[in-house]
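Below is data-v4.csv, holding CSV, C-alpha atoms.
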chain,number,residue,atom,x,y,z
A,30,MET,CA,114.5,77.7,73.4
A,31,ALA,CA,115.5,81.0,75.0
A,32,VAL,CA,114.9,82.8,71.8
A,33,VAL,CA,111.4,81.3,71.4
A,34,ASN,CA,110.5,82.0,75.0
A,35,SER,CA,111.6,85.6,74.7
A,36,VAL,CA,109.1,86.3,72.0
A,37,GLY,CA,106.1,86.0,74.3
A,38,LEU,CA,107.8,87.9,77.1
A,39,ASP,CA,108.7,90.7,74.7
A,40,ASP,CA,105.0,91.0,73.9
A,41,VAL,CA,104.2,91.2,77.7
A,42,ARG,CA,107.0,93.8,78.1
A,43,ALA,CA,105.6,96.0,75.4
A,44,GLN,CA,102.1,95.9,76.9
A,45,LEU,CA,103.3,96.5,80.4
A,46,GLU,CA,105.3,99.5,79.3
A,47,VAL,CA,102.2,101.0,77.7
A,48,ALA,CA,100.5,100.5,81.1
A,49,GLY,CA,103.3,102.6,82.8
A,50,PHE,CA,105.7,99.9,83.9
A,51,LYS,CA,109.4,100.2,83.6
A,52,LYS,CA,111.6,97.2,82.7
A,53,ARG,CA,114.3,96.5,85.3
A,54,ALA,CA,117.0,93.8,85.4
A,55,GLY,CA,115.9,90.3,84.7
A,56,GLN,CA,112.1,90.0,84.5
A,57,VAL,CA,111.3,92.7,87.0
A,58,PHE,CA,109.0,95.7,86.3
A,59,THR,CA,108.2,98.6,88.4
A,60,ARG,CA,105.6,101.4,88.2
A,61,GLU,CA,105.7,104.7,90.2
A,62,PHE,CA,102.7,105.7,92.2
A,63,GLY,CA,104.1,108.9,93.7
A,64,GLY,CA,105.8,109.6,97.0
A,65,GLU,CA,107.6,106.6,98.4
A,66,LEU,CA,105.7,103.8,96.6
A,67,LEU,CA,106.7,101.6,93.7
A,68,GLY,CA,104.5,99.0,92.2
A,69,TRP,CA,106.6,95.8,91.6
A,70,LEU,CA,106.1,92.9,89.3
A,71,GLY,CA,108.3,89.9,88.8
A,72,LEU,CA,107.7,87.4,86.0
A,73,ASN,CA,109.0,84.1,87.4
A,74,ARG,CA,109.6,81.6,84.6
A,75,ALA,CA,109.6,77.8,84.6
A,76,THR,CA,110.5,75.3,81.8
A,77,ARG,CA,110.8,72.1,83.9
A,78,HIS,CA,108.4,69.4,82.8
A,79,ARG,CA,107.5,71.5,79.7
A,80,SER,CA,108.0,70.8,76.0
A,81,VAL,CA,111.0,72.4,74.3
A,82,GLY,CA,110.1,76.0,73.5
A,83,VAL,CA,107.4,76.2,76.2
A,84,VAL,CA,107.7,78.4,79.3
A,85,GLU,CA,105.3,79.0,82.1
A,86,VAL,CA,105.2,82.4,83.7
A,87,ASN,CA,104.0,82.9,87.3
A,88,PRO,CA,103.7,86.7,87.9
A,89,VAL,CA,104.4,87.9,91.5
A,90,VAL,CA,102.9,91.2,92.4
A,91,GLY,CA,104.5,93.5,95.0
A,92,VAL,CA,104.7,96.9,96.5
A,93,ARG,CA,107.9,98.5,97.6
A,94,HIS,CA,107.8,101.4,100.1
A,95,GLN,CA,111.2,103.2,99.7
A,96,GLY,CA,111.0,104.7,103.2
A,97,VAL,CA,110.6,101.3,104.8
A,98,GLU,CA,113.3,99.8,102.7
A,99,ARG,CA,115.8,102.6,103.6
A,100,ILE,CA,115.3,101.9,107.3
A,101,VAL,CA,115.7,98.1,106.8
A,102,ALA,CA,118.9,98.6,104.7
A,103,GLU,CA,120.3,101.0,107.2
A,104,LEU,CA,119.7,98.8,110.2
A,105,ARG,CA,120.9,95.7,108.5
A,106,GLY,CA,124.1,97.4,107.3
A,107,GLU,CA,123.2,96.9,103.6
A,108,LYS,CA,123.4,99.1,100.6
A,109,PHE,CA,120.0,100.5,99.6
A,110,HIS,CA,118.7,99.1,96.4
A,111,ALA,CA,116.5,101.1,94.1
A,112,TYR,CA,113.8,98.4,93.6
A,113,GLN,CA,114.7,95.1,95.2
A,114,PRO,CA,113.1,93.5,97.1
A,115,PRO,CA,109.4,94.3,97.3
A,116,THR,CA,108.2,95.2,100.8
A,117,VAL,CA,105.1,93.0,100.3
A,118,SER,CA,104.4,90.5,97.6
A,119,VAL,CA,101.8,87.9,96.5
A,120,PRO,CA,101.4,85.7,93.4
A,121,LEU,CA,99.0,87.4,90.9
A,122,GLY,CA,96.7,84.4,90.9
A,123,TYR,CA,95.8,85.0,94.6
A,124,LEU,CA,94.6,88.5,93.7
A,125,MET,CA,92.2,87.1,91.1
A,126,PRO,CA,88.7,85.8,91.9
A,127,GLU,CA,89.8,82.1,92.1
A,128,ARG,CA,92.5,83.1,94.7
A,129,ARG,CA,94.9,80.2,93.7
A,130,TYR,CA,98.0,79.6,91.7
A,131,ARG,CA,97.8,80.8,88.1
A,132,GLY,CA,100.4,80.4,85.5
A,133,TRP,CA,100.5,81.7,81.9
A,134,VAL,CA,101.9,79.2,79.4
A,135,PHE,CA,103.8,80.6,76.4
A,136,GLY,CA,104.3,78.2,73.4
A,137,ALA,CA,106.6,78.2,70.4
A,138,ASP,CA,104.4,80.6,68.5
A,139,GLY,CA,105.1,83.5,70.9
A,140,SER,CA,101.6,83.3,72.3
A,141,ALA,CA,100.5,86.9,71.7
A,142,ASP,CA,97.0,86.1,73.1
A,143,VAL,CA,98.6,84.7,76.3
A,144,ALA,CA,100.7,87.9,76.6
A,145,GLY,CA,97.6,90.0,76.2
A,146,ASP,CA,95.7,88.0,78.9
A,147,LEU,CA,98.6,88.3,81.3
A,148,ALA,CA,99.0,92.1,80.8
A,149,SER,CA,95.2,92.5,81.2
A,150,ALA,CA,95.2,90.6,84.5
A,151,VAL,CA,98.1,92.8,85.7
A,152,GLU,CA,96.0,95.9,84.9
A,153,ARG,CA,92.8,94.5,86.4
A,154,TYR,CA,94.1,92.9,89.6
A,155,ALA,CA,97.7,93.9,90.2
A,156,VAL,CA,97.5,97.6,89.7
A,157,PRO,CA,94.5,98.1,92.1
A,158,PHE,CA,96.5,96.1,94.7
A,159,MET,CA,99.4,98.4,94.3
A,160,GLU,CA,97.2,101.5,94.5
A,161,ASP,CA,95.6,100.2,97.7
A,162,ALA,CA,98.9,100.2,99.4
A,163,VAL,CA,99.7,103.9,98.8
A,164,GLN,CA,98.7,104.7,102.4
A,165,LEU,CA,101.2,103.4,105.0
A,166,PRO,CA,98.5,102.1,107.4
A,167,ARG,CA,97.2,99.8,104.6
A,168,LEU,CA,100.8,98.7,103.9
A,169,CYS,CA,101.1,97.7,107.6
A,170,GLU,CA,98.0,95.6,107.3
A,171,LEU,CA,99.3,93.8,104.3
A,172,LEU,CA,102.5,93.1,106.2
A,173,ASP,CA,100.5,91.7,109.1
A,174,ASP,CA,98.6,89.5,106.6
A,175,GLY,CA,101.9,87.8,105.7
A,176,MET,CA,102.2,89.0,102.1
A,177,GLY,CA,105.8,88.0,101.5
A,178,PHE,CA,108.4,85.8,103.0
A,179,ASP,CA,108.7,85.5,106.8
A,180,HIS,CA,112.5,86.1,106.8
A,181,GLN,CA,111.9,89.4,105.1
A,182,LEU,CA,108.7,90.5,106.8
A,183,VAL,CA,110.2,90.2,110.2
A,184,TYR,CA,112.4,93.3,109.4
A,185,ARG,CA,109.8,95.2,107.4
A,186,ARG,CA,106.9,95.1,109.9
A,187,PRO,CA,108.6,97.1,112.6
A,188,ALA,CA,110.2,99.5,110.1
A,189,ALA,CA,106.7,100.3,108.6
A,190,LEU,CA,105.2,100.7,112.0
A,191,VAL,CA,107.8,103.2,113.1
A,192,LEU,CA,107.1,105.2,109.9
A,193,ALA,CA,103.4,105.0,110.7
A,194,GLY,CA,103.9,106.4,114.2
A,195,ASN,CA,103.3,103.1,116.1
A,196,GLU,CA,106.7,102.9,117.8
A,197,ARG,CA,105.3,100.8,120.7
A,198,ARG,CA,104.1,98.0,118.6
A,199,ALA,CA,107.2,98.2,116.4
A,200,LEU,CA,109.4,97.6,119.4
A,201,ALA,CA,107.1,94.8,120.6
A,202,LEU,CA,107.5,93.0,117.3
A,203,VAL,CA,111.3,93.3,117.6
A,204,VAL,CA,111.3,92.0,121.1
A,205,GLN,CA,109.1,89.1,120.1
A,206,ALA,CA,111.4,88.2,117.2
A,207,GLU,CA,114.4,88.2,119.6
A,208,GLU,CA,112.5,85.9,122.0
A,209,ASP,CA,111.5,83.5,119.2
A,210,LEU,CA,115.2,83.0,118.4
A,211,GLY,CA,115.7,81.2,121.7
A,212,ASP,CA,119.3,80.0,121.9
A,213,ARG,CA,119.8,79.8,118.1
A,214,SER,CA,123.3,80.9,116.9
A,215,ASP,CA,122.9,80.5,113.2
A,216,ALA,CA,123.6,83.3,110.7
A,217,ALA,CA,119.9,84.3,110.4
A,218,ALA,CA,119.6,84.6,114.2
A,219,THR,CA,122.8,86.6,114.5
A,220,GLU,CA,121.5,89.0,111.8
A,221,MET,CA,118.2,89.4,113.6
A,222,ARG,CA,119.9,90.2,116.9
A,223,ALA,CA,122.1,92.8,115.2
A,224,PHE,CA,119.0,94.4,113.7
A,225,ALA,CA,117.3,94.5,117.1
A,226,VAL,CA,120.3,96.3,118.6
A,227,ALA,CA,120.5,98.8,115.7
A,228,PHE,CA,116.7,99.3,115.9
A,229,ARG,CA,116.9,100.3,119.5
A,230,GLU,CA,119.8,102.6,119.0
A,231,ARG,CA,118.3,104.2,115.9
A,232,PHE,CA,114.9,105.0,117.5
A,233,GLY,CA,116.0,105.7,121.0
A,234,PHE,CA,114.7,102.6,122.8
A,235,SER,CA,116.6,101.3,125.9
A,236,SER,CA,117.9,97.8,125.8
A,237,SER,CA,115.2,96.8,128.3
A,238,GLY,CA,112.5,98.3,126.0

Would you mind giving the structure from this file in structure tokens?
Amino acid sequence: MAVVNSVGLDDVRAQLEVAGFKKRAGQVFTREFGGELLGWLGLNRATRHRSVGVVEVNPVVGVRHQGVERIVAELRGEKFHAYQPPTVSVPLGYLMPERRYRGWVFGADGSADVAGDLASAVERYAVPFMEDAVQLPRLCELLDDGMGFDHQLVYRRPAALVLAGNERRALALVVQAEEDLGDRSDAAATEMRAFAVAFRERFGFSSSG
């Protein structure tokens, strides 16, 4: 089954490379837009409840701002990664006119037409989304719109705001995130509190704000 499924994905890969995307590990592709911005595309695959040799692909579109990600990695004590994760992300279907989940189903024949349709949708809807986020203020708006996972956005919103020159709101978001933790003592809460301390130290805020 893996061999059959790879045929259609190889067709997608070839067309994405023509469109300027670079294949990364797994089914991740990136495209450079200059400066600190990387367009990001992940081809999530599912075979459950499908016939043998059939795979459904749910593309997730993202944008990665390297400056934001460097700050997040530094303050979380993590090694900076060249392209993971995206700073904001959204399933491709939600960028299309229907604004709902959309999957592309590849069958045992390799589904060249499906590959072409997927690649066309990426160029028509994903690339403009990526280009729209080139300016940092727009990226901040996308973060505010919740394009991604909350447990990741909580770190990236203040980092982006600092880079955009809005230190006051960045600090307010960090303070609010701390307050929302209440008396939690789980690993995620501990990580958030450590980030808040590092954030204040890195950007010269007092512990009282």

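Around Gln95 (chain A), within 9 Å and counting all atoms listed in the file, the residues found are Gly64, Glu65, Leu66, Leu67, Glu98, Arg99, Ile100, Ala111, Tyr112 and Thr116 of chain A, once anything fewer than 3 positions away on its own chain is removed.
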
I need the chosen residues saved as an mmCIF file, keeping the file's coordinate frame, with C-alpha atoms.
data_model
loop_
_atom_site.group_PDB
_atom_site.id
_atom_site.type_symbol
_atom_site.label_atom_id
_atom_site.label_comp_id
_atom_site.auth_asym_id
_atom_site.auth_seq_id
_atom_site.Cartn_x
_atom_site.Cartn_y
_atom_site.Cartn_z
ATOM 1 C CA GLY A 64 105.800 109.600 97.000
ATOM 2 C CA GLU A 65 107.600 106.600 98.400
ATOM 3 C CA LEU A 66 105.700 103.800 96.600
ATOM 4 C CA LEU A 67 106.700 101.600 93.700
ATOM 5 C CA GLU A 98 113.300 99.800 102.700
ATOM 6 C CA ARG A 99 115.800 102.600 103.600
ATOM 7 C CA ILE A 100 115.300 101.900 107.300
ATOM 8 C CA ALA A 111 116.500 101.100 94.100
ATOM 9 C CA TYR A 112 113.800 98.400 93.600
ATOM 10 C CA THR A 116 108.200 95.200 100.800
#

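One finds CA of Ala199 (chain A) at 18.5 Å from CA of Ala218 (chain A).
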
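Residue nearest Asp40 (chain A) within the list A:Gln164, A:Gln205, A:Ser140, A:Ser235: A:Ser140 [criterion: smallest interatomic distance, all atoms listed in the file].
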
With distances taken over only C-alpha atoms, the candidate from A:Leu172, A:Val203, A:Val83, A:Val134 nearest Pro115 (chain A) is A:Leu172

What's around Leu200 (chain A) at 9 Å? Count only C-alpha atoms, leave out sequence neighbours fewer than 3 positions away in its own chain, and write the answer as a ChimeraX atom specification.
/A:187,191,195-197,203-205,225,228-229,234,238

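Taking CA of Gly71 (chain A) and CA of Ala206 (chain A) as the two end points, the separation is 28.6 Å.
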
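Using all atoms listed in the file, the shortest contact distance between Leu165 (chain A) and any of A:Glu220, A:Gly194, A:Phe232, A:Gly211 is found at A:Gly194.
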
Between A:Phe135, A:Tyr184, A:Phe178, A:Phe158, which one has atoms that come closest to Gly37 (chain A), using only C-alpha atoms?
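Ranking A:Phe135, A:Tyr184, A:Phe178, A:Phe158 by distance to Gly37 (chain A), first place goes to A:Phe135.
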
Excluding Gly68 (chain A) and any residue of its chain fewer than 3 positions from it, enumerate the residues within 7 Å of it, using only C-alpha atoms, and give them as a PyMOL selection string.
chain A and resi 59-62+91-93+159

Taking C-alpha atoms for each residue, export the selection above as a compact mmCIF listing (two decimals), in the coordinates of the input.
# COMPACT_ATOMS: atom_id res chain seq x y z
CA THR A 59 108.20 98.60 88.40
CA ARG A 60 105.60 101.40 88.20
CA GLU A 61 105.70 104.70 90.20
CA PHE A 62 102.70 105.70 92.20
CA GLY A 91 104.50 93.50 95.00
CA VAL A 92 104.70 96.90 96.50
CA ARG A 93 107.90 98.50 97.60
CA MET A 159 99.40 98.40 94.30

So which one's closest to Val41 (chain A), A:Gln113, A:Phe224, A:Asp212, A:Val57? Using only C-alpha atoms, please.
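Of A:Gln113, A:Phe224, A:Asp212, A:Val57, the one nearest Val41 (chain A), counting only C-alpha atoms, is A:Val57.
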
Between A:Met176, A:Leu45, A:Arg131, A:Gly233, which is the closest to Asn73 (chain A) once you count all atoms listed in the file?
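Checking each candidate against Asn73 (chain A), we get A:Arg131 as the closest.
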
All residues 10 Å or closer to Tyr154 (chain A), all atoms listed in the file, same chain fewer than 2 positions away omitted, as a PyMOL selection string:
chain A and resi 90+121-126+149-152+156-159

For the selection you just gave me, I'd like the residues written to a file as a PDB file, in the coordinates of the input, keeping C-alpha atoms.
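Contents of out_17.pdb, as written:
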ATOM      1  CA  VAL A  90     102.900  91.200  92.400  1.00  0.00           C
ATOM      2  CA  LEU A 121      99.000  87.400  90.900  1.00  0.00           C
ATOM      3  CA  GLY A 122      96.700  84.400  90.900  1.00  0.00           C
ATOM      4  CA  TYR A 123      95.800  85.000  94.600  1.00  0.00           C
ATOM      5  CA  LEU A 124      94.600  88.500  93.700  1.00  0.00           C
ATOM      6  CA  MET A 125      92.200  87.100  91.100  1.00  0.00           C
ATOM      7  CA  PRO A 126      88.700  85.800  91.900  1.00  0.00           C
ATOM      8  CA  SER A 149      95.200  92.500  81.200  1.00  0.00           C
ATOM      9  CA  ALA A 150      95.200  90.600  84.500  1.00  0.00           C
ATOM     10  CA  VAL A 151      98.100  92.800  85.700  1.00  0.00           C
ATOM     11  CA  GLU A 152      96.000  95.900  84.900  1.00  0.00           C
ATOM     12  CA  VAL A 156      97.500  97.600  89.700  1.00  0.00           C
ATOM     13  CA  PRO A 157      94.500  98.100  92.100  1.00  0.00           C
ATOM     14  CA  PHE A 158      96.500  96.100  94.700  1.00  0.00           C
ATOM     15  CA  MET A 159      99.400  98.400  94.300  1.00  0.00           C
TER      16      MET A 159
END

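With CA of Val101 (chain A) on one side and CA of Pro88 (chain A) on the other, the separation reads 25.1 Å.
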
Please give the centre and size of the box around region 206-222 of chain A (axis-aligned, containing every atom listed in the file, 4 Å added per side), with values in Å to one decimal and written as JSON.
{"center_x": 117.5, "center_y": 85.0, "center_z": 116.2, "size_x": 20.2, "size_y": 18.4, "size_z": 19.6}
